[in-house]
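This is my_file-v7.txt. It holds compact mmCIF, C-alpha atoms.
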```
# COMPACT_ATOMS: atom_id res chain seq x y z
CA MET A 1 45.52 -60.72 227.69
CA PHE A 2 47.51 -58.18 225.73
CA VAL A 3 48.63 -56.28 228.82
CA TRP A 4 51.36 -58.81 229.52
CA LEU A 5 52.48 -58.63 225.91
CA HIS A 6 52.70 -54.86 226.17
CA MET A 7 54.68 -55.26 229.39
CA LEU A 8 57.03 -57.69 227.64
CA PHE A 9 57.76 -55.11 224.96
CA ALA A 10 58.37 -52.47 227.64
CA ALA A 11 60.70 -54.85 229.48
CA LEU A 12 62.63 -55.41 226.27
CA ALA A 13 63.02 -51.66 225.75
CA HIS A 14 64.37 -51.22 229.28
CA SER A 15 66.65 -54.25 229.16
CA GLN A 16 70.43 -54.07 228.75
CA LEU A 17 69.98 -55.03 225.11
CA GLY A 18 67.49 -52.22 224.67
CA HIS A 19 69.80 -49.63 226.19
CA ALA A 20 72.72 -50.84 224.13
CA MET A 21 70.70 -50.64 220.91
CA GLN A 22 69.23 -47.23 221.77
CA THR A 23 72.55 -45.60 222.52
CA SER A 24 74.87 -47.28 220.03
CA ARG A 25 74.89 -45.73 216.56
CA TRP A 26 76.70 -48.58 214.84
CA GLY A 27 75.14 -51.31 216.98
CA PHE A 28 71.80 -50.79 215.31
CA ALA A 29 73.44 -50.69 211.87
CA LEU A 30 75.31 -53.95 212.45
CA VAL A 31 72.19 -55.73 213.66
CA GLU A 32 70.28 -54.43 210.64
CA MET A 33 73.01 -55.77 208.36
CA ALA A 34 72.72 -59.21 209.94
CA HIS A 35 68.95 -58.99 209.47
CA LEU A 36 69.40 -58.18 205.77
CA LEU A 37 71.88 -61.00 205.18
CA GLY A 38 69.45 -63.39 206.87
CA LEU A 39 66.72 -62.05 204.60
CA ALA A 40 68.80 -62.86 201.53
CA PHE A 41 69.42 -66.48 202.56
CA LEU A 42 65.83 -66.96 203.66
CA GLY A 43 64.44 -65.47 200.45
CA GLY A 44 66.82 -67.43 198.28
CA SER A 45 65.98 -70.78 199.84
CA ILE A 46 62.21 -70.29 199.75
CA LEU A 47 62.39 -69.00 196.17
CA ILE A 48 64.24 -72.07 194.95
CA VAL A 49 62.01 -74.56 196.78
CA ASP A 50 58.79 -72.90 195.59
CA LEU A 51 59.99 -72.40 192.02
CA ARG A 52 60.87 -76.12 192.00
CA ILE A 53 57.30 -76.95 193.08
CA LEU A 54 56.03 -74.67 190.33
CA GLY A 55 58.16 -76.61 187.88
CA VAL A 56 60.11 -73.54 186.80
CA ILE A 57 63.59 -74.75 187.80
CA LEU A 58 65.42 -78.01 188.57
CA LYS A 59 62.56 -80.02 187.08
CA ASN A 60 64.58 -83.24 186.93
CA GLU A 61 65.57 -83.13 190.57
CA SER A 62 63.70 -84.42 193.60
CA ALA A 63 61.49 -81.71 195.10
CA VAL A 64 61.60 -83.38 198.52
CA ALA A 65 65.41 -83.54 198.47
CA ILE A 66 65.62 -79.86 197.53
CA GLY A 67 63.11 -78.98 200.24
CA ARG A 68 64.91 -80.97 202.91
CA SER A 69 68.31 -79.48 202.06
CA LEU A 70 67.18 -75.88 201.81
CA THR A 71 64.96 -76.10 204.89
CA ARG A 72 68.19 -76.19 206.89
CA VAL A 73 69.22 -72.89 205.28
CA LEU A 74 65.76 -71.49 205.97
CA ILE A 75 65.82 -72.46 209.65
CA PHE A 76 69.32 -71.05 210.11
CA SER A 77 68.26 -67.77 208.44
CA LEU A 78 65.12 -67.59 210.56
CA VAL A 79 67.20 -67.93 213.74
CA VAL A 80 69.54 -65.14 212.59
CA MET A 81 66.58 -62.95 211.69
CA ALA A 82 64.75 -63.68 214.95
CA ILE A 83 67.77 -62.78 217.08
CA SER A 84 68.57 -59.66 215.06
CA GLY A 85 64.87 -58.83 214.89
CA ILE A 86 64.51 -58.91 218.68
CA ALA A 87 67.54 -56.65 218.95
CA LEU A 88 66.05 -54.23 216.41
CA LEU A 89 62.76 -54.39 218.29
CA SER A 90 64.45 -53.48 221.58
CA GLU A 91 65.56 -50.19 220.04
CA GLU A 92 61.98 -48.94 219.68
CA ALA A 93 59.74 -51.55 221.26
CA GLU A 94 56.85 -49.22 222.11
CA LYS A 95 56.65 -47.82 218.59
CA CYS A 96 56.66 -51.33 217.13
CA TYR A 97 54.02 -52.59 219.54
CA LEU A 98 51.66 -49.85 218.35
CA SER A 99 52.69 -50.09 214.69
CA PRO A 100 50.11 -51.71 212.37
CA ALA A 101 52.92 -52.63 209.98
CA PHE A 102 54.78 -54.49 212.73
CA ARG A 103 51.65 -56.35 213.85
CA CYS A 104 50.91 -57.27 210.26
CA LYS A 105 54.46 -58.52 209.78
CA MET A 106 54.31 -60.69 212.90
CA ALA A 107 50.97 -62.15 211.85
CA LEU A 108 52.28 -62.92 208.36
CA LEU A 109 55.52 -64.33 209.79
CA ALA A 110 53.69 -66.69 212.14
CA THR A 111 51.40 -67.76 209.30
CA ALA A 112 54.30 -68.26 206.89
CA ILE A 113 56.27 -70.39 209.36
CA VAL A 114 53.32 -72.61 210.34
CA PHE A 115 52.32 -72.90 206.67
CA TYR A 116 55.83 -73.92 205.67
CA PHE A 117 56.13 -76.76 208.18
CA THR A 118 52.63 -78.13 207.60
CA VAL A 119 50.73 -77.54 204.35
CA HIS A 120 53.88 -76.78 202.38
CA ARG A 121 55.60 -79.97 203.55
CA ILE A 122 52.62 -82.05 202.42
CA ALA A 123 52.57 -80.25 199.07
CA LEU A 124 56.26 -81.09 198.56
CA ARG A 125 55.53 -84.78 199.08
CA ARG A 126 52.53 -84.63 196.76
CA LYS A 127 54.68 -82.97 194.14
CA GLU A 128 57.23 -85.75 194.50
CA MET A 129 54.59 -88.44 194.04
CA GLY A 130 53.46 -86.62 190.92
CA THR A 131 49.78 -87.19 191.60
CA SER A 132 47.98 -83.82 191.63
CA SER A 133 49.76 -80.92 190.05
CA LEU A 134 47.49 -77.95 190.76
CA TRP A 135 47.26 -78.02 194.54
CA PRO A 136 51.05 -78.09 195.25
CA ARG A 137 51.50 -75.22 192.81
CA ALA A 138 48.84 -73.17 194.60
CA VAL A 139 50.62 -73.87 197.89
CA ALA A 140 53.91 -72.69 196.39
CA VAL A 141 52.31 -69.44 195.20
CA ILE A 142 50.73 -68.84 198.61
CA SER A 143 54.07 -69.52 200.28
CA LEU A 144 55.86 -66.99 198.07
CA LEU A 145 53.16 -64.38 198.70
CA LEU A 146 53.27 -64.91 202.47
CA TRP A 147 57.04 -64.47 202.68
CA LEU A 148 56.94 -61.51 200.30
CA GLY A 149 54.29 -60.03 202.57
CA VAL A 150 56.58 -60.40 205.57
CA GLY A 151 59.29 -58.52 203.68
CA VAL A 152 57.01 -55.72 202.51
CA ALA A 153 55.46 -55.31 205.96
CA GLY A 154 58.95 -55.18 207.41
CA ARG A 155 59.83 -52.34 205.08
CA ALA A 156 56.60 -50.58 206.01
CA ILE A 157 57.58 -50.53 209.69
CA GLY A 158 60.32 -48.04 208.98
CA LEU A 159 58.35 -46.02 206.45
CA LEU A 160 54.94 -45.54 208.04
CA MET B 1 84.93 -29.77 189.53
CA PRO B 2 85.98 -33.19 188.23
CA PHE B 3 83.77 -34.61 185.50
CA LEU B 4 82.28 -37.39 187.65
CA GLN B 5 81.28 -34.88 190.31
CA GLN B 6 79.74 -32.62 187.66
CA PHE B 7 77.79 -35.58 186.32
CA CYS B 8 76.44 -36.41 189.81
CA HIS B 9 75.59 -32.76 190.35
CA ALA B 10 73.67 -32.71 187.06
CA LEU B 11 71.72 -35.86 187.92
CA TYR B 12 70.91 -34.54 191.39
CA GLY B 13 69.65 -31.24 190.08
CA SER B 14 67.66 -32.69 187.20
CA SER B 15 63.87 -32.52 187.36
CA PHE B 16 63.59 -36.31 187.42
CA GLY B 17 66.12 -36.66 190.22
CA THR B 18 64.45 -33.94 192.23
CA MET B 19 61.01 -35.44 191.69
CA LEU B 20 62.22 -38.84 192.88
CA ARG B 21 63.98 -37.41 195.90
CA GLU B 22 61.04 -35.29 197.03
CA SER B 23 58.35 -37.81 196.18
CA ASN B 24 56.05 -39.11 198.87
CA ASN B 25 56.00 -42.74 197.80
CA ALA B 26 58.11 -43.31 194.69
CA PHE B 27 61.50 -43.27 196.41
CA SER B 28 60.29 -45.52 199.26
CA VAL B 29 58.79 -48.03 196.85
CA ILE B 30 61.93 -48.14 194.69
CA GLU B 31 64.07 -48.50 197.81
CA SER B 32 61.87 -51.37 199.03
CA VAL B 33 62.17 -53.12 195.67
CA HIS B 34 65.95 -52.65 195.86
CA VAL B 35 66.19 -54.12 199.37
CA LEU B 36 63.91 -57.07 198.66
CA SER B 37 65.72 -57.83 195.41
CA ILE B 38 68.74 -58.97 197.45
CA ALA B 39 66.80 -62.19 198.09
CA LEU B 40 66.54 -62.77 194.34
CA LEU B 41 70.13 -61.73 193.63
CA PHE B 42 72.20 -62.80 196.63
CA GLY B 43 69.83 -65.46 197.95
CA THR B 44 70.04 -67.53 194.78
CA VAL B 45 73.75 -67.10 194.14
CA ALA B 46 74.34 -68.00 197.80
CA VAL B 47 72.62 -71.36 197.30
CA LEU B 48 74.91 -72.04 194.32
CA ASP B 49 77.93 -71.00 196.40
CA LEU B 50 76.81 -73.24 199.26
CA ARG B 51 76.48 -76.14 196.80
CA MET B 52 80.02 -75.51 195.60
CA LEU B 53 81.15 -75.70 199.21
CA GLY B 54 79.39 -79.03 199.50
CA LEU B 55 76.95 -77.73 202.13
CA VAL B 56 73.58 -78.02 200.38
CA LEU B 57 71.91 -79.99 197.58
CA ARG B 58 74.79 -82.49 197.48
CA PRO B 59 73.02 -85.11 195.30
CA ILE B 60 72.48 -82.53 192.56
CA PRO B 61 75.35 -81.83 190.13
CA VAL B 62 76.73 -78.29 190.37
CA GLY B 63 75.92 -77.66 186.70
CA SER B 64 72.24 -78.45 187.31
CA VAL B 65 72.08 -76.20 190.36
CA ALA B 66 73.74 -73.42 188.36
CA ARG B 67 71.30 -73.88 185.48
CA GLY B 68 68.44 -73.51 187.95
CA THR B 69 69.74 -70.59 189.97
CA LEU B 70 71.75 -68.38 187.60
CA PRO B 71 68.75 -67.14 185.56
CA LEU B 72 67.15 -66.09 188.87
CA THR B 73 70.38 -64.40 189.94
CA TRP B 74 70.50 -62.47 186.67
CA CYS B 75 66.88 -61.35 187.16
CA GLY B 76 67.77 -60.20 190.66
CA PHE B 77 70.77 -58.36 189.28
CA ALA B 78 68.62 -56.59 186.67
CA VAL B 79 66.11 -55.48 189.31
CA SER B 80 68.86 -54.40 191.73
CA VAL B 81 70.78 -52.39 189.15
CA THR B 82 67.67 -50.70 187.77
CA SER B 83 66.27 -49.76 191.17
CA GLY B 84 69.76 -48.93 192.41
CA PHE B 85 70.43 -46.58 189.50
CA LEU B 86 67.17 -44.74 190.18
CA LEU B 87 68.06 -44.37 193.86
CA PHE B 88 71.50 -43.14 192.84
CA TRP B 89 69.96 -40.63 190.41
CA ALA B 90 67.85 -39.11 193.18
CA GLU B 91 70.78 -38.73 195.56
CA ALA B 92 73.68 -38.55 193.12
CA GLU B 93 75.47 -35.54 194.59
CA LYS B 94 75.41 -37.02 198.09
CA MET B 95 76.48 -40.43 196.80
CA TYR B 96 79.54 -38.95 195.09
CA ALA B 97 81.01 -37.98 198.46
CA ASN B 98 79.73 -41.01 200.38
CA PRO B 99 82.59 -43.41 201.25
CA SER B 100 80.22 -46.32 201.84
CA PHE B 101 78.65 -45.88 198.41
CA ARG B 102 82.09 -45.86 196.80
CA ALA B 103 83.04 -48.98 198.77
CA LYS B 104 79.81 -50.64 197.61
CA LEU B 105 80.63 -49.99 193.94
CA VAL B 106 84.16 -51.32 194.37
CA LEU B 107 82.85 -54.50 196.05
CA LEU B 108 80.22 -54.85 193.33
CA ALA B 109 82.91 -54.65 190.65
CA LEU B 110 85.00 -57.24 192.51
CA ALA B 111 81.99 -59.56 192.84
CA GLY B 112 81.43 -59.24 189.11
CA PHE B 113 85.10 -59.87 188.38
CA ASN B 114 85.08 -62.98 190.60
CA ALA B 115 82.07 -64.31 188.74
CA PHE B 116 83.70 -63.56 185.38
CA VAL B 117 86.92 -65.37 186.30
CA PHE B 118 85.00 -68.34 187.69
CA HIS B 119 82.76 -68.72 184.64
CA THR B 120 85.59 -68.43 182.11
CA THR B 121 87.96 -70.82 183.86
CA ILE B 122 87.07 -73.58 186.34
CA PHE B 123 83.35 -73.58 185.51
CA ARG B 124 84.12 -74.31 181.85
CA ARG B 125 85.31 -77.72 183.00
CA ALA B 126 82.34 -78.28 185.30
CA ARG B 127 81.55 -81.63 183.66
CA GLU B 128 84.72 -83.05 185.13
CA TRP B 129 83.87 -82.22 188.74
CA GLU B 130 80.17 -81.35 189.00
CA LEU B 131 79.16 -84.72 190.39
CA LEU B 132 81.59 -84.39 193.30
CA THR B 133 80.06 -83.40 196.60
CA LEU B 134 83.19 -81.32 197.21
CA PRO B 135 84.36 -79.50 194.05
CA PRO B 136 88.00 -78.50 193.36
CA TRP B 137 89.60 -75.75 195.44
CA ARG B 138 89.31 -73.11 192.72
CA ALA B 139 85.55 -73.50 192.67
CA ARG B 140 85.39 -73.40 196.46
CA ALA B 141 87.58 -70.29 196.56
CA ALA B 142 85.28 -68.59 194.04
CA ALA B 143 82.27 -69.56 196.18
CA ILE B 144 83.80 -68.11 199.34
CA ALA B 145 84.82 -64.96 197.46
CA SER B 146 81.30 -64.66 196.07
CA LEU B 147 79.64 -65.02 199.49
CA THR B 148 82.08 -62.55 201.07
CA LEU B 149 81.93 -59.92 198.33
CA TRP B 150 78.15 -59.94 197.93
CA SER B 151 77.74 -59.76 201.72
CA GLY B 152 80.10 -56.80 201.59
CA VAL B 153 77.96 -55.12 198.94
CA ILE B 154 74.90 -55.48 201.17
CA VAL B 155 76.72 -54.29 204.30
CA ALA B 156 78.19 -51.28 202.49
CA GLY B 157 74.78 -50.55 201.02
CA ARG B 158 73.20 -50.43 204.46
CA ALA B 159 76.00 -48.23 205.79
CA ILE B 160 75.37 -45.56 203.13
CA ALA B 161 72.69 -44.00 205.33
CA TYR B 162 75.18 -43.60 208.18
CA PHE B 163 77.63 -41.33 206.35
```
Mind turning the file's structure into structure tokens?
Amino acid sequence: MFVWLHMLFAALAHSQLGHAMQTSRWGFALVEMAHLLGLAFLGGSILIVDLRILGVILKNESAVAIGRSLTRVLIFSLVVMAISGIALLSEEAEKCYLSPAFRCKMALLATAIVFYFTVHRIALRRKEMGTSSLWPRAVAVISLLLWLGVGVAGRAIGLL
Amino acid sequence: MPFLQQFCHALYGSSFGTMLRESNNAFSVIESVHVLSIALLFGTVAVLDLRMLGLVLRPIPVGSVARGTLPLTWCGFAVSVTSGFLLFWAEAEKMYANPSFRAKLVLLALAGFNAFVFHTTIFRRAREWELLTLPPWRARAAAIASLTLWSGVIVAGRAIAYF
């Protein structure tokens, strides 16, 4: 099952994008910069939503309204990071495929995204209704840890 | 040698600077903290800037958004400056000559100046306009300047390694 995945990574490395990224000095830098800017917007939006759920900031404002508004920022940032991430990947696809840090990051990323659009969304509504206070807060903490994990694993790719 | 260059040379050659630079993990960890802190610093100020451009959180008054985000931004700034200073200490001599590092400091100063002007002028009268979905042009100009300058700081920061 993983053979085709491995072949996909190889195809990416040999694609036009891959060649462009591998040969261009500043191309890689520019893509990395876009990735970092996306990281900032993504991190900022998730921080504010989760700190709202935890009751640390904007306590008098609707949690659902904050979530809905900043989810648009989050989705936009994710798109930027996915596109730039694929470009970064094409520069050294084989190394990433074998990298435990990269695999960890992808697993955490998938988990974080699914978590955000399911459990997290329910927790936001629960928070709004003001019924149970502990469970939404636990969800917010898990959300922050998942996204932080994605960031740390991402850093580890380059360092390990 | 000019004084600033001597100072960088001294930091670079110091035992602490050398230890940091040659460390197996310390430099990498500090660098990771520095990179991830941009979410806390720029991510939060960006949301405030986007509110001032009428793009997010429109039902919430600008003053309330600011009250929620600015403490986070300041925390991010503290973490960034602390980790950044340590990174600088380790590589001070190289940073002195690095054009991207110099550009980063200039952009950082401009971002700070923009924030200072905003907070001492148009923001003082926030009560008058904070309920508007689209604030006055001075606030919007400050927001655009903020987004541009902080993005510049991050871009220049990344480019340091390429010089």
Return the single residue from B:Thr121, B:Ser80, B:Ser100, B:Ser37 that is closest to chain A, with distances computed using all atoms listed in the file.
->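 Using all atoms listed in the file, the shortest distance to chain A belongs to B:Ser37.
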Which residue, B:Gly54, B:Pro136, B:Gly68, B:Gly76, has the smallest gap to chain A when you use all atoms listed in the file?
-> B:Gly68
Selection: 10 Å around region 17-28 of chain B, only C-alpha atoms, excl. self and same-chain fewer than 2 positions, as a ChimeraX atom specification | /A:155-156,159 /B:10-15,30-34,83,86-92
With a distance threshold of 10 Å and counting only C-alpha atoms, extract the residues of chain B near chain A and express them as a PyMOL selection string.
-> chain B and resi 25+28-29+31-33+35-47+50+55-61+64-69+71-73+150-152+154-159+161-162
Selected residues written out, C-alpha atoms, as a PDB file, keeping the file's coordinate frame:
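So selection_13.pdb came out as:
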```
ATOM      1  CA  ASN B  25      56.000 -42.740 197.800  1.00  0.00           C
ATOM      2  CA  SER B  28      60.290 -45.520 199.260  1.00  0.00           C
ATOM      3  CA  VAL B  29      58.790 -48.030 196.850  1.00  0.00           C
ATOM      4  CA  GLU B  31      64.070 -48.500 197.810  1.00  0.00           C
ATOM      5  CA  SER B  32      61.870 -51.370 199.030  1.00  0.00           C
ATOM      6  CA  VAL B  33      62.170 -53.120 195.670  1.00  0.00           C
ATOM      7  CA  VAL B  35      66.190 -54.120 199.370  1.00  0.00           C
ATOM      8  CA  LEU B  36      63.910 -57.070 198.660  1.00  0.00           C
ATOM      9  CA  SER B  37      65.720 -57.830 195.410  1.00  0.00           C
ATOM     10  CA  ILE B  38      68.740 -58.970 197.450  1.00  0.00           C
ATOM     11  CA  ALA B  39      66.800 -62.190 198.090  1.00  0.00           C
ATOM     12  CA  LEU B  40      66.540 -62.770 194.340  1.00  0.00           C
ATOM     13  CA  LEU B  41      70.130 -61.730 193.630  1.00  0.00           C
ATOM     14  CA  PHE B  42      72.200 -62.800 196.630  1.00  0.00           C
ATOM     15  CA  GLY B  43      69.830 -65.460 197.950  1.00  0.00           C
ATOM     16  CA  THR B  44      70.040 -67.530 194.780  1.00  0.00           C
ATOM     17  CA  VAL B  45      73.750 -67.100 194.140  1.00  0.00           C
ATOM     18  CA  ALA B  46      74.340 -68.000 197.800  1.00  0.00           C
ATOM     19  CA  VAL B  47      72.620 -71.360 197.300  1.00  0.00           C
ATOM     20  CA  LEU B  50      76.810 -73.240 199.260  1.00  0.00           C
ATOM     21  CA  LEU B  55      76.950 -77.730 202.130  1.00  0.00           C
ATOM     22  CA  VAL B  56      73.580 -78.020 200.380  1.00  0.00           C
ATOM     23  CA  LEU B  57      71.910 -79.990 197.580  1.00  0.00           C
ATOM     24  CA  ARG B  58      74.790 -82.490 197.480  1.00  0.00           C
ATOM     25  CA  PRO B  59      73.020 -85.110 195.300  1.00  0.00           C
ATOM     26  CA  ILE B  60      72.480 -82.530 192.560  1.00  0.00           C
ATOM     27  CA  PRO B  61      75.350 -81.830 190.130  1.00  0.00           C
ATOM     28  CA  SER B  64      72.240 -78.450 187.310  1.00  0.00           C
ATOM     29  CA  VAL B  65      72.080 -76.200 190.360  1.00  0.00           C
ATOM     30  CA  ALA B  66      73.740 -73.420 188.360  1.00  0.00           C
ATOM     31  CA  ARG B  67      71.300 -73.880 185.480  1.00  0.00           C
ATOM     32  CA  GLY B  68      68.440 -73.510 187.950  1.00  0.00           C
ATOM     33  CA  THR B  69      69.740 -70.590 189.970  1.00  0.00           C
ATOM     34  CA  PRO B  71      68.750 -67.140 185.560  1.00  0.00           C
ATOM     35  CA  LEU B  72      67.150 -66.090 188.870  1.00  0.00           C
ATOM     36  CA  THR B  73      70.380 -64.400 189.940  1.00  0.00           C
ATOM     37  CA  TRP B 150      78.150 -59.940 197.930  1.00  0.00           C
ATOM     38  CA  SER B 151      77.740 -59.760 201.720  1.00  0.00           C
ATOM     39  CA  GLY B 152      80.100 -56.800 201.590  1.00  0.00           C
ATOM     40  CA  ILE B 154      74.900 -55.480 201.170  1.00  0.00           C
ATOM     41  CA  VAL B 155      76.720 -54.290 204.300  1.00  0.00           C
ATOM     42  CA  ALA B 156      78.190 -51.280 202.490  1.00  0.00           C
ATOM     43  CA  GLY B 157      74.780 -50.550 201.020  1.00  0.00           C
ATOM     44  CA  ARG B 158      73.200 -50.430 204.460  1.00  0.00           C
ATOM     45  CA  ALA B 159      76.000 -48.230 205.790  1.00  0.00           C
ATOM     46  CA  ALA B 161      72.690 -44.000 205.330  1.00  0.00           C
ATOM     47  CA  TYR B 162      75.180 -43.600 208.180  1.00  0.00           C
TER      48      TYR B 162
END
```
Just give me the gap between CA of Leu147 (chain B) and CA of Ala111 (chain B) in Å, one decimal is fine.
->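 We find that CA of Leu147 (chain B) and CA of Ala111 (chain B) lie 8.9 Å from each other.
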